[in-house]
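**Q** My file is my_file-v1.txt. It has compact mmCIF, C-alpha atoms and all ligand atoms:
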# COMPACT_ATOMS: atom_id res chain seq x y z
CA MET A 216 -11.83 34.19 -13.21
CA THR A 217 -12.25 30.41 -13.30
CA TYR A 218 -8.99 28.56 -12.90
CA LYS A 219 -8.47 25.28 -14.71
CA ILE A 220 -6.46 22.81 -12.66
CA LEU A 221 -4.66 19.71 -13.93
CA VAL A 222 -4.89 16.88 -11.39
CA THR A 223 -2.45 14.06 -12.11
CA GLY A 224 -3.52 10.82 -10.43
CA GLY A 225 -6.99 12.32 -9.98
CA ALA A 226 -8.80 8.97 -10.20
CA GLY A 227 -6.90 7.67 -7.15
CA TYR A 228 -7.77 7.83 -3.48
CA ILE A 229 -6.62 11.32 -2.48
CA GLY A 230 -6.86 12.70 -6.03
CA SER A 231 -10.56 11.81 -6.40
CA HIS A 232 -11.48 13.48 -3.10
CA THR A 233 -9.49 16.57 -4.07
CA THR A 234 -11.02 16.64 -7.56
CA LEU A 235 -14.44 16.67 -5.90
CA ALA A 236 -13.43 19.50 -3.57
CA LEU A 237 -12.05 21.51 -6.52
CA LEU A 238 -15.25 21.05 -8.55
CA GLU A 239 -17.38 22.00 -5.56
CA ALA A 240 -15.29 25.14 -5.09
CA GLY A 241 -15.93 26.16 -8.71
CA TYR A 242 -12.62 25.19 -10.36
CA GLU A 243 -12.52 23.49 -13.74
CA VAL A 244 -10.62 20.22 -13.51
CA VAL A 245 -8.69 18.09 -15.97
CA VAL A 246 -7.68 14.68 -14.60
CA LEU A 247 -4.73 12.81 -16.10
CA ASP A 248 -4.45 9.25 -14.82
CA ASN A 249 -3.18 6.01 -16.38
CA LEU A 250 -5.51 4.00 -14.08
CA CYS A 251 -2.64 1.72 -12.98
CA ASN A 252 -4.01 1.84 -9.43
CA SER A 253 -7.54 3.19 -9.83
CA SER A 254 -10.82 2.91 -11.65
CA PRO A 255 -12.63 5.48 -13.82
CA GLU A 256 -15.65 4.66 -11.65
CA SER A 257 -14.24 6.97 -8.95
CA LEU A 258 -14.68 9.96 -11.27
CA LEU A 259 -18.21 8.89 -12.27
CA ARG A 260 -19.02 8.85 -8.56
CA VAL A 261 -17.45 12.30 -8.10
CA ALA A 262 -19.82 13.56 -10.81
CA ARG A 263 -22.74 11.84 -9.05
CA ILE A 264 -21.93 13.62 -5.79
CA CYS A 265 -21.47 17.14 -7.10
CA GLY A 266 -23.28 17.16 -10.45
CA LYS A 267 -20.11 18.23 -12.29
CA ALA A 268 -17.49 16.11 -14.01
CA PRO A 269 -13.80 16.69 -14.59
CA LEU A 270 -12.41 16.23 -18.09
CA PHE A 271 -10.73 12.82 -17.88
CA ILE A 272 -7.68 11.97 -19.97
CA GLN A 273 -6.40 8.43 -19.61
CA GLY A 274 -2.65 8.70 -19.98
CA ASP A 275 0.73 8.64 -18.34
CA ILE A 276 2.74 11.49 -16.82
CA ARG A 277 5.82 9.98 -18.49
CA ASP A 278 4.32 10.57 -21.96
CA HIS A 279 6.04 13.77 -23.21
CA ALA A 280 3.93 14.11 -26.36
CA LEU A 281 0.65 13.65 -24.51
CA LEU A 282 1.60 16.27 -21.91
CA ASP A 283 2.67 18.81 -24.52
CA GLU A 284 -0.60 18.28 -26.36
CA LEU A 285 -2.58 18.55 -23.11
CA PHE A 286 -0.97 21.87 -22.14
CA ILE A 287 -1.55 23.24 -25.66
CA SER A 288 -5.22 22.25 -25.77
CA GLN A 289 -6.09 23.23 -22.16
CA ARG A 290 -5.33 26.55 -20.50
CA ILE A 291 -4.02 25.18 -17.20
CA SER A 292 -3.29 27.53 -14.27
CA ALA A 293 -1.82 25.02 -11.84
CA VAL A 294 -1.06 21.33 -11.41
CA LEU A 295 -1.91 19.19 -8.40
CA HIS A 296 0.48 16.26 -8.80
CA PHE A 297 -0.74 13.07 -7.10
CA ALA A 298 0.28 10.53 -9.78
CA GLY A 299 2.78 7.99 -8.57
CA LEU A 300 3.24 4.58 -7.04
CA LYS A 301 2.92 4.38 -3.25
CA SER A 302 3.49 0.88 -1.90
CA VAL A 303 6.54 0.74 0.35
CA GLY A 304 6.96 -3.05 0.07
CA GLU A 305 6.53 -3.08 -3.69
CA SER A 306 9.12 -0.30 -4.01
CA VAL A 307 11.72 -2.60 -2.43
CA ARG A 308 10.93 -5.33 -4.96
CA LYS A 309 10.58 -3.05 -7.99
CA PRO A 310 12.73 0.05 -7.35
CA LEU A 311 13.03 0.95 -11.04
CA ASP A 312 9.25 1.21 -11.37
CA TYR A 313 9.22 3.66 -8.46
CA TYR A 314 12.08 5.83 -9.73
CA ASP A 315 10.56 5.77 -13.21
CA ASN A 316 6.96 6.64 -12.22
CA ASN A 317 7.66 8.93 -9.32
CA VAL A 318 10.95 10.62 -10.24
CA ALA A 319 11.18 10.41 -14.05
CA GLY A 320 7.42 11.04 -14.26
CA SER A 321 7.75 14.21 -12.19
CA VAL A 322 10.68 15.39 -14.36
CA THR A 323 8.61 14.90 -17.53
CA LEU A 324 5.66 16.71 -15.99
CA CYS A 325 7.82 19.69 -14.93
CA GLN A 326 9.45 19.85 -18.37
CA ALA A 327 6.03 20.03 -20.02
CA MET A 328 4.86 22.64 -17.49
CA ALA A 329 7.90 24.84 -18.10
CA HIS A 330 7.48 24.44 -21.85
CA ALA A 331 3.85 25.58 -21.54
CA GLY A 332 4.62 28.40 -19.11
CA VAL A 333 2.71 26.82 -16.21
CA PHE A 334 4.69 27.32 -13.00
CA ASN A 335 2.24 26.54 -10.17
CA LEU A 336 2.63 23.06 -8.71
CA VAL A 337 1.35 21.27 -5.62
CA PHE A 338 3.26 18.06 -4.95
CA SER A 339 2.09 15.08 -2.86
CA SER A 340 4.99 14.47 -0.54
CA SER A 341 4.99 12.40 2.61
CA ALA A 342 6.02 12.48 6.26
CA THR A 343 8.28 9.60 5.27
CA VAL A 344 10.86 12.22 4.12
CA TYR A 345 11.57 13.01 7.79
CA GLY A 346 13.02 9.51 8.28
CA GLU A 347 13.17 8.76 12.01
CA PRO A 348 12.95 12.11 13.81
CA THR A 349 14.24 12.24 17.37
CA GLN A 350 11.59 14.70 18.54
CA MET A 351 7.80 14.98 18.27
CA PRO A 352 5.77 16.73 16.96
CA ILE A 353 7.49 17.09 13.58
CA ARG A 354 8.01 20.60 12.22
CA GLU A 355 8.75 21.45 8.60
CA ASP A 356 12.18 22.83 9.52
CA PHE A 357 13.32 19.45 10.91
CA PRO A 358 16.03 17.97 8.70
CA THR A 359 14.85 15.43 6.17
CA GLY A 360 16.03 11.98 7.16
CA VAL A 361 17.16 8.91 5.33
CA PRO A 362 14.02 7.14 4.09
CA THR A 363 14.37 3.40 4.55
CA ASN A 364 12.94 2.36 1.17
CA PRO A 365 12.89 3.34 -2.53
CA TYR A 366 9.37 4.81 -2.25
CA GLY A 367 10.50 7.24 0.44
CA ARG A 368 13.69 8.06 -1.44
CA SER A 369 11.67 8.77 -4.60
CA LYS A 370 9.58 11.34 -2.67
CA LEU A 371 12.69 13.01 -1.25
CA MET A 372 14.33 13.08 -4.70
CA VAL A 373 11.30 14.84 -6.16
CA GLU A 374 11.31 17.35 -3.29
CA ASP A 375 15.01 18.04 -3.98
CA LEU A 376 14.55 18.39 -7.71
CA LEU A 377 11.64 20.79 -7.18
CA GLN A 378 13.79 22.90 -4.84
CA ASP A 379 16.51 23.02 -7.53
CA LEU A 380 13.96 23.93 -10.17
CA ALA A 381 12.57 26.85 -8.13
CA LYS A 382 16.13 28.12 -7.52
CA SER A 383 16.82 28.01 -11.26
CA ASP A 384 13.75 30.03 -12.26
CA PRO A 385 11.91 32.44 -9.95
CA ARG A 386 8.63 31.99 -11.77
CA TRP A 387 7.99 28.62 -10.10
CA SER A 388 5.58 28.48 -7.18
CA ILE A 389 5.66 25.08 -5.54
CA ALA A 390 3.97 23.53 -2.51
CA LEU A 391 5.50 20.42 -1.00
CA LEU A 392 2.67 18.94 1.05
CA ARG A 393 3.92 16.37 3.52
CA TYR A 394 0.94 14.18 4.33
CA PHE A 395 0.84 12.18 7.51
CA ASN A 396 -1.49 9.12 7.41
CA PRO A 397 -4.53 9.71 5.17
CA VAL A 398 -7.66 7.71 6.11
CA GLY A 399 -11.43 7.95 5.77
CA ALA A 400 -13.72 8.50 2.82
CA HIS A 401 -16.28 11.00 1.55
CA GLN A 402 -19.31 11.09 3.85
CA SER A 403 -21.58 9.94 1.00
CA GLY A 404 -19.92 6.50 1.06
CA LEU A 405 -19.55 6.78 -2.73
CA ILE A 406 -15.79 7.34 -2.99
CA GLY A 407 -13.01 5.97 -0.82
CA GLU A 408 -9.80 4.00 -0.77
CA ASP A 409 -9.76 0.91 -2.98
CA PRO A 410 -6.46 -0.89 -2.46
CA ASN A 411 -5.37 -3.44 -5.03
CA GLY A 412 -4.92 -6.88 -3.41
CA LEU A 413 -3.88 -7.23 0.21
CA PRO A 414 -3.87 -3.80 1.92
CA ASN A 415 -0.53 -2.54 3.27
CA ASN A 416 -1.95 0.27 5.35
CA LEU A 417 -3.63 -0.13 8.72
CA LEU A 418 -7.15 1.22 8.15
CA PRO A 419 -7.91 -0.59 4.87
CA TYR A 420 -6.71 -3.80 6.54
CA VAL A 421 -8.81 -3.20 9.66
CA SER A 422 -11.93 -2.47 7.60
CA GLN A 423 -11.49 -5.61 5.50
CA VAL A 424 -11.19 -7.65 8.69
CA ALA A 425 -14.36 -6.01 10.04
CA ILE A 426 -16.32 -6.85 6.88
CA GLY A 427 -15.07 -10.45 6.98
CA LYS A 428 -12.86 -10.38 3.86
CA LEU A 429 -9.75 -10.93 5.98
CA LYS A 430 -9.57 -13.08 9.08
CA GLN A 431 -7.36 -11.21 11.47
CA LEU A 432 -5.17 -8.13 11.73
CA SER A 433 -1.50 -8.54 12.57
CA VAL A 434 -0.41 -5.73 14.88
CA PHE A 435 3.20 -5.07 13.96
CA GLY A 436 5.06 -4.68 17.23
CA ALA A 437 3.81 -4.30 20.80
CA ASP A 438 7.17 -3.35 22.33
CA TYR A 439 7.60 0.21 21.07
CA PRO A 440 8.25 2.91 23.67
CA THR A 441 4.67 4.23 23.29
CA LEU A 442 1.64 4.35 25.61
CA ASP A 443 0.57 0.76 24.87
CA GLY A 444 3.62 -0.53 22.98
CA THR A 445 2.07 -0.24 19.49
CA GLY A 446 3.02 2.28 16.79
CA VAL A 447 1.61 5.81 16.98
CA ARG A 448 0.65 7.80 13.87
CA ASP A 449 -1.11 11.04 12.91
CA TYR A 450 -4.19 9.88 10.97
CA ILE A 451 -5.86 12.60 8.90
CA HIS A 452 -9.26 12.48 7.22
CA VAL A 453 -8.93 12.53 3.42
CA GLN A 454 -11.55 15.30 3.22
CA ASP A 455 -9.40 17.49 5.46
CA LEU A 456 -6.45 16.64 3.23
CA ALA A 457 -8.46 17.65 0.14
CA ASP A 458 -9.35 20.97 1.81
CA GLY A 459 -5.65 21.46 2.61
CA HIS A 460 -4.86 21.18 -1.10
CA LEU A 461 -7.36 23.90 -1.94
CA SER A 462 -5.81 26.17 0.68
CA ALA A 463 -2.30 25.43 -0.62
CA LEU A 464 -3.43 26.05 -4.19
CA ARG A 465 -4.99 29.43 -3.32
CA THR A 466 -1.81 30.38 -1.48
CA ILE A 467 0.73 29.43 -4.16
CA LEU A 468 -1.29 31.21 -6.83
CA GLN A 469 -0.38 34.41 -4.91
CA LYS A 470 3.36 33.83 -4.37
CA THR A 471 6.48 32.18 -5.76
CA GLY A 472 9.24 29.92 -4.46
CA VAL A 473 8.98 26.64 -2.60
CA ASN A 474 6.78 26.25 0.47
CA ILE A 475 6.62 23.17 2.65
CA TRP A 476 3.56 22.37 4.74
CA ASN A 477 2.76 19.41 6.97
CA LEU A 478 -0.79 18.18 6.54
CA GLY A 479 -1.63 16.37 9.75
CA THR A 480 -3.86 16.81 12.79
CA GLY A 481 -1.15 17.11 15.42
CA ILE A 482 -2.58 14.13 17.33
CA GLY A 483 -1.11 10.64 17.44
CA TYR A 484 -3.09 7.43 17.99
CA SER A 485 -1.74 3.93 18.61
CA VAL A 486 -2.71 0.88 16.59
CA LEU A 487 -4.75 -0.48 19.52
CA GLU A 488 -6.58 2.85 19.89
CA MET A 489 -7.39 2.71 16.18
CA ILE A 490 -8.78 -0.82 16.48
CA ARG A 491 -11.00 0.15 19.42
CA ALA A 492 -12.27 3.28 17.65
CA PHE A 493 -13.06 1.28 14.52
CA GLU A 494 -14.92 -1.38 16.50
CA GLN A 495 -16.98 1.33 18.12
CA ALA A 496 -17.86 3.04 14.83
CA SER A 497 -18.66 -0.17 12.96
CA GLY A 498 -20.18 -2.30 15.71
CA ARG A 499 -18.00 -5.14 14.38
CA ALA A 500 -15.21 -7.00 16.13
CA VAL A 501 -11.70 -6.69 14.73
CA PRO A 502 -9.77 -9.78 15.79
CA TYR A 503 -6.04 -9.19 15.97
CA LYS A 504 -2.80 -10.78 17.06
CA LEU A 505 0.39 -9.11 18.22
CA VAL A 506 3.34 -10.01 15.99
CA GLU A 507 6.92 -8.88 15.34
CA ARG A 508 7.68 -5.30 14.31
CA ARG A 509 7.48 -4.60 10.57
CA PRO A 510 10.98 -3.79 9.26
CA GLY A 511 11.42 -0.07 8.52
CA ASP A 512 8.57 1.08 10.83
CA ILE A 513 9.19 3.81 13.35
CA ALA A 514 7.67 3.98 16.85
CA GLU A 515 5.80 7.25 16.50
CA CYS A 516 5.17 10.05 14.07
CA TRP A 517 2.90 13.05 14.35
CA ALA A 518 2.82 16.51 12.88
CA ASP A 519 3.13 19.99 14.20
CA PRO A 520 0.45 21.54 11.96
CA THR A 521 1.05 25.14 13.14
CA LYS A 522 2.74 26.36 9.95
CA ALA A 523 -0.18 25.25 7.77
CA ALA A 524 -2.63 26.82 10.24
CA ASN A 525 -0.77 30.15 10.15
CA GLU A 526 0.09 30.33 6.46
CA LEU A 527 -2.78 28.43 4.82
CA ASP A 528 -5.53 29.25 7.27
CA TRP A 529 -6.24 25.51 7.27
CA LYS A 530 -6.77 23.04 10.07
CA ALA A 531 -7.92 19.42 10.06
CA LYS A 532 -11.47 19.49 11.43
CA ARG A 533 -12.51 15.85 11.55
CA GLY A 534 -11.73 13.68 14.56
CA LEU A 535 -11.21 9.94 14.96
CA PRO A 536 -14.93 8.98 15.24
CA GLU A 537 -15.65 10.66 11.88
CA MET A 538 -12.60 9.07 10.22
CA MET A 539 -13.79 5.66 11.39
CA ALA A 540 -17.49 6.13 10.59
CA ASP A 541 -16.70 7.34 7.07
CA THR A 542 -14.22 4.51 6.42
CA TRP A 543 -16.82 1.99 7.55
CA ARG A 544 -19.67 3.53 5.51
CA TRP A 545 -17.52 3.30 2.36
CA GLN A 546 -16.34 -0.25 3.14
CA ALA A 547 -19.82 -1.55 4.03
CA ALA A 548 -21.46 -0.03 0.93
CA ASN A 549 -18.63 -1.12 -1.40
CA PRO A 550 -17.25 -4.42 -0.12
CA GLN A 551 -15.45 -4.94 -3.45
CA GLY A 552 -14.34 -1.30 -3.73
CA TYR A 553 -15.00 -0.05 -7.26
CA GLY A 554 -15.00 -3.68 -8.42
CA ARG A 555 -11.76 -3.43 -10.40
P1 LIG B 1 -3.46 6.17 -5.41
O1 LIG B 1 -2.63 5.03 -5.90
O2 LIG B 1 -4.86 5.90 -5.00
O3 LIG B 1 -3.46 7.34 -6.49
C1 LIG B 1 -2.39 7.56 -7.38
C2 LIG B 1 -2.98 7.67 -8.77
O4 LIG B 1 -1.94 7.93 -9.72
C3 LIG B 1 -3.69 6.38 -9.23
O5 LIG B 1 -4.97 6.70 -9.72
C4 LIG B 1 -2.78 5.85 -10.34
O6 LIG B 1 -3.52 5.15 -11.33
C5 LIG B 1 -2.15 7.12 -10.86
N1 LIG B 1 -0.81 6.95 -11.47
C6 LIG B 1 0.25 6.27 -10.97
N2 LIG B 1 1.30 6.37 -11.81
C7 LIG B 1 0.88 7.14 -12.85
C8 LIG B 1 1.52 7.60 -14.02
N3 LIG B 1 2.78 7.28 -14.30
N4 LIG B 1 0.81 8.37 -14.88
C9 LIG B 1 -0.49 8.70 -14.60
N5 LIG B 1 -1.14 8.27 -13.52
C10 LIG B 1 -0.45 7.51 -12.64
O7 LIG B 1 -2.64 6.84 -4.21
P2 LIG B 1 -3.08 7.96 -3.18
O8 LIG B 1 -3.13 7.35 -1.84
O9 LIG B 1 -4.23 8.72 -3.68
O10 LIG B 1 -1.77 8.87 -3.19
C11 LIG B 1 -1.67 10.02 -4.01
C12 LIG B 1 -0.28 10.63 -3.85
O11 LIG B 1 -0.06 10.94 -2.48
C13 LIG B 1 0.86 9.69 -4.24
O12 LIG B 1 1.87 10.45 -4.89
C14 LIG B 1 1.36 9.18 -2.91
O13 LIG B 1 2.74 8.82 -2.97
C15 LIG B 1 1.15 10.38 -2.02
N6 LIG B 1 0.99 10.01 -0.60
C16 LIG B 1 0.07 9.07 -0.24
C17 LIG B 1 -0.06 8.71 1.09
C18 LIG B 1 -1.03 7.64 1.50
O14 LIG B 1 -0.84 7.05 2.56
N7 LIG B 1 -2.09 7.36 0.73
C19 LIG B 1 0.74 9.33 2.05
C20 LIG B 1 1.66 10.30 1.65
C21 LIG B 1 1.78 10.63 0.32
C1 LIG B 2 0.34 2.53 10.46
C2 LIG B 2 0.61 1.80 11.77
C3 LIG B 2 2.08 -0.07 11.50
C4 LIG B 2 -0.64 -2.44 8.99
C5 LIG B 2 2.90 4.31 5.31
C6 LIG B 2 4.08 4.74 4.50
C7 LIG B 2 4.15 6.23 4.44
C8 LIG B 2 2.82 6.83 3.96
C9 LIG B 2 1.65 6.30 4.72
C10 LIG B 2 2.83 7.21 1.63
C11 LIG B 2 2.07 1.38 11.93
C12 LIG B 2 0.71 -0.53 11.92
C13 LIG B 2 -0.09 -1.43 9.77
C14 LIG B 2 -0.97 -3.68 9.61
C15 LIG B 2 -0.18 -2.82 11.71
N1 LIG B 2 2.54 6.50 2.63
N2 LIG B 2 0.14 -1.63 11.11
N3 LIG B 2 -0.73 -3.82 10.95
O1 LIG B 2 3.66 2.79 7.94
O2 LIG B 2 2.80 4.89 9.08
O3 LIG B 2 3.04 4.84 6.63
O4 LIG B 2 1.71 4.86 4.73
O5 LIG B 2 3.56 8.16 1.60
O6 LIG B 2 5.20 6.54 3.57
O7 LIG B 2 5.27 4.22 5.09
O8 LIG B 2 1.24 3.53 7.65
O9 LIG B 2 -0.93 2.39 7.67
O10 LIG B 2 1.13 1.09 6.99
O11 LIG B 2 0.84 1.77 9.37
O12 LIG B 2 0.03 -3.01 12.90
O13 LIG B 2 -1.44 -4.63 8.95
O14 LIG B 2 -0.14 0.58 11.75
O15 LIG B 2 3.08 -0.84 12.09
O16 LIG B 2 2.37 1.48 13.30
P1 LIG B 2 2.78 3.97 7.91
P2 LIG B 2 0.51 2.14 7.85
Give the structure from this file in structure tokens form.
Ligand code: NAD
Ligand code: WQD

**A**
Amino acid sequence: MTYKILVTGGAGYIGSHTTLALLEAGYEVVVLDNLCNSSPESLLRVARICGKAPLFIQGDIRDHALLDELFISQRISAVLHFAGLKSVGESVRKPLDYYDNNVAGSVTLCQAMAHAGVFNLVFSSSATVYGEPTQMPIREDFPTGVPTNPYGRSKLMVEDLLQDLAKSDPRWSIALLRYFNPVGAHQSGLIGEDPNGLPNNLLPYVSQVAIGKLKQLSVFGADYPTLDGTGVRDYIHVQDLADGHLSALRTILQKTGVNIWNLGTGIGYSVLEMIRAFEQASGRAVPYKLVERRPGDIAECWADPTKAANELDWKAKRGLPEMMADTWRWQAANPQGYGR
């Protein structure tokens, strides 16, 4: 049987890589995206890579009528829910946009799913829901923390509402995937991350410095209690993340209830290690200066990926050199991203 999967936010960074992985694995895919942070070009490129295209519907997850119509016209088996806003700084300036898109949007989506009798959902959560854990590596049974910004709170609110939903109706089967730090791009160099304006995240910033679009990286804090004083994170290749979604999807199609899985590698790298690895992969210098800590940042954060390995039969396979080489290939071939 061929399953048809609805991918909300499927034109975006992680959604486009996962859409490609789904098509390659033989799923039919419907993408719903309002293109507020993406370009339809990403899906054209997906089709170029694999010779198959998803059905693309330009629209908003907050649009009740559109969702009802979509679920009537398409026989959907499961939803991979990526759509949402993701900039931490912007969430502080525009909290209502974040609660509206991320929380209200998820409520509308779940209402339409329940109405249509579709109860399988994979949600893009984030390691940010752990707040500032006192112990590393982070396991799924650690208590959720107090996220320091509206973006993080919106993710935790959606996790909580999905837990309540599953308690209210045993037909729901929900995966809460807590991503660590997604980086990299498809090895073809055709799809990748295309941030709007000045990048907030480390790797997009580093690659734009390497290509000469930005002058210098600011390293936020060199006085953390880490190996070299800079922040340590668990960077995971977006292709590994996409594979993790396919494993989670296969698993939730066979069970019910809520399952939480960390998607990380289990290895932490510092900002300075990342810079050196990127310089090596690209052959370009990445000038940087050490500056004050960024408010809200934590010293270190990496996953214990054992639960996903045991229950999903999934492990991140790609190491730092591949993450860097693929990021650079995408950046060098597409200096203006998708040219939005
Ligand atoms: P992205 O911005 O590239 O993709 C999100 C997509 O959703 C975009 O294409 C955007 O146009 C679309 N979208 C936003 N609001 C929408 C709405 N109301 N209706 C329809 N479409 C809408 O981001 P990404 O990095 O691919 O992240 C995907 C998901 O993963 C997000 O939910 C994000 O919060 C979560 N996440 C991302 C990271 C990360 O560092 N990239 C880490 C943890 C979790
Ligand atoms: C990584 C490291 C910075 C930029 C954020 C969100 C999180 C999740 C992933 C969505 C840190 C340092 C960064 C720069 C730097 N997103 N850095 N100079 O902060 O771990 O996580 O993205 O869910 O919720 O908070 O990722 O890439 O911003 O930072 O020194 O210009 O790089 O201080 O140590 P972060 P990041």

**Q** Could you give me the residues within 6 Å of ligand LIG 1 (chain B), counting all atoms listed in the file, as a PDB file with C-alpha atoms, keeping the file's coordinate frame?

**A**
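Done, and the output landed in selection24.pdb:
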ATOM      1  CA  GLY A 224      -3.520  10.820 -10.430  1.00  0.00           C
ATOM      2  CA  GLY A 225      -6.990  12.320  -9.980  1.00  0.00           C
ATOM      3  CA  ALA A 226      -8.800   8.970 -10.200  1.00  0.00           C
ATOM      4  CA  GLY A 227      -6.900   7.670  -7.150  1.00  0.00           C
ATOM      5  CA  TYR A 228      -7.770   7.830  -3.480  1.00  0.00           C
ATOM      6  CA  ILE A 229      -6.620  11.320  -2.480  1.00  0.00           C
ATOM      7  CA  GLY A 230      -6.860  12.700  -6.030  1.00  0.00           C
ATOM      8  CA  ASP A 248      -4.450   9.250 -14.820  1.00  0.00           C
ATOM      9  CA  ASN A 249      -3.180   6.010 -16.380  1.00  0.00           C
ATOM     10  CA  LEU A 250      -5.510   4.000 -14.080  1.00  0.00           C
ATOM     11  CA  CYS A 251      -2.640   1.720 -12.980  1.00  0.00           C
ATOM     12  CA  ASN A 252      -4.010   1.840  -9.430  1.00  0.00           C
ATOM     13  CA  SER A 253      -7.540   3.190  -9.830  1.00  0.00           C
ATOM     14  CA  GLY A 274      -2.650   8.700 -19.980  1.00  0.00           C
ATOM     15  CA  ASP A 275       0.730   8.640 -18.340  1.00  0.00           C
ATOM     16  CA  ILE A 276       2.740  11.490 -16.820  1.00  0.00           C
ATOM     17  CA  ARG A 277       5.820   9.980 -18.490  1.00  0.00           C
ATOM     18  CA  PHE A 297      -0.740  13.070  -7.100  1.00  0.00           C
ATOM     19  CA  ALA A 298       0.280  10.530  -9.780  1.00  0.00           C
ATOM     20  CA  GLY A 299       2.780   7.990  -8.570  1.00  0.00           C
ATOM     21  CA  LEU A 300       3.240   4.580  -7.040  1.00  0.00           C
ATOM     22  CA  LYS A 301       2.920   4.380  -3.250  1.00  0.00           C
ATOM     23  CA  ASN A 316       6.960   6.640 -12.220  1.00  0.00           C
ATOM     24  CA  GLY A 320       7.420  11.040 -14.260  1.00  0.00           C
ATOM     25  CA  SER A 339       2.090  15.080  -2.860  1.00  0.00           C
ATOM     26  CA  SER A 340       4.990  14.470  -0.540  1.00  0.00           C
ATOM     27  CA  SER A 341       4.990  12.400   2.610  1.00  0.00           C
ATOM     28  CA  TYR A 394       0.940  14.180   4.330  1.00  0.00           C
ATOM     29  CA  ASN A 396      -1.490   9.120   7.410  1.00  0.00           C
ATOM     30  CA  PRO A 397      -4.530   9.710   5.170  1.00  0.00           C
TER      31      PRO A 397
END

**Q** Can you work out which one of A:Ala548, A:Val361, A:Leu461, A:Leu270 has the shortest atom-to-atom distance to A:Asp528, counting only C-alpha atoms?

**A** A:Leu461

**Q** Show me a table, sorted first by chain and then by increasing residue number, of the residues of chain A having an atom at most 7 Å from ligand LIG 2 (chain B), each with its shortest atom pair and the distance in Å to one decimal, counting all atoms listed in the file and written as JSON lines.

**A**
{"residue": "A:Lys301", "atom": "CA", "partner": "B:LIG2", "partner_atom": "C10", "distance": 5.6}
{"residue": "A:Val303", "atom": "CA", "partner": "B:LIG2", "partner_atom": "O7", "distance": 6.0}
{"residue": "A:Ser340", "atom": "CA", "partner": "B:LIG2", "partner_atom": "O5", "distance": 6.8}
{"residue": "A:Ser341", "atom": "CA", "partner": "B:LIG2", "partner_atom": "O5", "distance": 4.6}
{"residue": "A:Ala342", "atom": "CA", "partner": "B:LIG2", "partner_atom": "O6", "distance": 6.6}
{"residue": "A:Thr343", "atom": "CA", "partner": "B:LIG2", "partner_atom": "O6", "distance": 4.7}
{"residue": "A:Gly367", "atom": "CA", "partner": "B:LIG2", "partner_atom": "O6", "distance": 6.2}
{"residue": "A:Phe395", "atom": "CA", "partner": "B:LIG2", "partner_atom": "C9", "distance": 6.6}
{"residue": "A:Asn396", "atom": "CA", "partner": "B:LIG2", "partner_atom": "C9", "distance": 5.0}
{"residue": "A:Asn415", "atom": "CA", "partner": "B:LIG2", "partner_atom": "O10", "distance": 5.5}
{"residue": "A:Asn416", "atom": "CA", "partner": "B:LIG2", "partner_atom": "O9", "distance": 3.3}
{"residue": "A:Leu417", "atom": "CA", "partner": "B:LIG2", "partner_atom": "C4", "distance": 3.8}
{"residue": "A:Leu418", "atom": "CA", "partner": "B:LIG2", "partner_atom": "O9", "distance": 6.3}
{"residue": "A:Tyr420", "atom": "CA", "partner": "B:LIG2", "partner_atom": "O13", "distance": 5.9}
{"residue": "A:Leu432", "atom": "CA", "partner": "B:LIG2", "partner_atom": "O13", "distance": 5.8}
{"residue": "A:Ser433", "atom": "CA", "partner": "B:LIG2", "partner_atom": "N3", "distance": 5.0}
{"residue": "A:Val434", "atom": "CA", "partner": "B:LIG2", "partner_atom": "O12", "distance": 3.4}
{"residue": "A:Phe435", "atom": "CA", "partner": "B:LIG2", "partner_atom": "O12", "distance": 3.9}
{"residue": "A:Gly436", "atom": "CA", "partner": "B:LIG2", "partner_atom": "O15", "distance": 6.7}
{"residue": "A:Thr445", "atom": "CA", "partner": "B:LIG2", "partner_atom": "O16", "distance": 6.4}
{"residue": "A:Gly446", "atom": "CA", "partner": "B:LIG2", "partner_atom": "O16", "distance": 3.6}
{"residue": "A:Val447", "atom": "CA", "partner": "B:LIG2", "partner_atom": "O16", "distance": 5.7}
{"residue": "A:Arg448", "atom": "CA", "partner": "B:LIG2", "partner_atom": "O2", "distance": 6.0}
{"residue": "A:Val486", "atom": "CA", "partner": "B:LIG2", "partner_atom": "O14", "distance": 5.5}
{"residue": "A:Arg508", "atom": "CA", "partner": "B:LIG2", "partner_atom": "O15", "distance": 6.8}
{"residue": "A:Arg509", "atom": "CA", "partner": "B:LIG2", "partner_atom": "O15", "distance": 6.0}
{"residue": "A:Asp512", "atom": "CA", "partner": "B:LIG2", "partner_atom": "O1", "distance": 5.9}
{"residue": "A:Ala514", "atom": "CA", "partner": "B:LIG2", "partner_atom": "O16", "distance": 6.9}

**Q** Taking (-11.3, 9.3, -2.8) in the file's coordinates as the center, which residues reach within 10 Å of it, counting all atoms listed in the file, put as a list in words?

**A**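 Residues lying no farther than 10 Å from the given point: Gly225, Ala226, Gly227, Tyr228, Ile229, Gly230, Ser231, His232, Thr233, Thr234, Leu235, Ser257, Leu258, Arg260, Val261, Val398, Gly399, Ala400, His401, Gly404, Leu405, Ile406, Gly407, Glu408, Asp409, Val453, Gln454 and Ala457 of chain A.
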
**Q** Show which residues sit within 9 Å of A:Leu221, as a ChimeraX atom specification. Count all atoms listed in the file, and ignore same-chain residues fewer than 5 positions away.

**A** /A:243-247,291-296

**Q** What does the distance between atom CA of A:Leu464 and atom CA of A:Val337 come to in Å, to one decimal place?

**A**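 Atom-to-atom, atom CA of A:Leu464 to atom CA of A:Val337, that is 6.9 Å.
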